[in-house]
Structure formats: C-alpha cells, structure tokens
Amino acid sequence: MSKNPTVRTTVTLPAELLAATDKAISQGKAKNRNEFLAQAIKNELEAIKRAEIDAALAEMAQDPEYQAQVLKMEAEFAVGSWEALQLGESPT
C-alpha cells in the first residue's frame, strides 16, 4: 500500500490559470499538471497554517497573563544565560 495514496478528481479552472500552469510545466517547473496543482495546494495549505500560527502568536503577545509568564521565565533563566555568555566569551 502506498504511503500517500492519490485520489482522482476534477477541477474547473479559469483558462488563464490553466495556460499559466501549462507554461510553467513547459519551463520545467513541474512534471505535469497533477504535480503542479498538488504542489500549489500544498503551498497554500502551508501558508494558511503559518497565518493561523501567526494569529495565535499575535493573540498571545496581547495576553497579559502570557506576558507575565514570559517575564517570569526570563527572570528565572537570566542567571544561567549570563553564565553561558561569560563562558562563551572566556579565552580557551
């Protein structure tokens, strides 16, 4: 059994997108339409996921409770970070 099974489907595209896709394929950007569309969909899904992560991080940045936790952690690690910096700068 294949790790990534494929499913046949049909899509309807504007003519200019199909023409641009075919041009990209003729330039060697992909082997065929299937590969090109699969990569385009993968890229779009990754962009959506990154946007969701960015939105969550932006929300956290505005959360006073989260900010308090960050400041507490920074204070707890400050001594260790300073010692590591000093060790890194000392001559060997």
# chains A, B, ... in the order shown; residues from 1 in each chain; ligands from 1
>>> select_by_dssp(residues="chain A", states="helix (DSSP H, G or I)", output="PyMOL selection string")
chain A and resi 15-26+33-61+64-89
>>> residues_around(residues="A:Thr21", least_positions_apart="5", cutoff="10 Å", atoms="only C-alpha atoms", output="ChimeraX atom specification")
/A:15-16,26-27,29-30,32-33,36-37
>>> atom_distance(atom1="atom CA of A:Asn34", atom2="atom CA of A:Glu52")
27.0 Å
>>> atom_distance(atom1="atom CA of A:Lys49", atom2="atom CA of A:Ala20")
25.8 Å
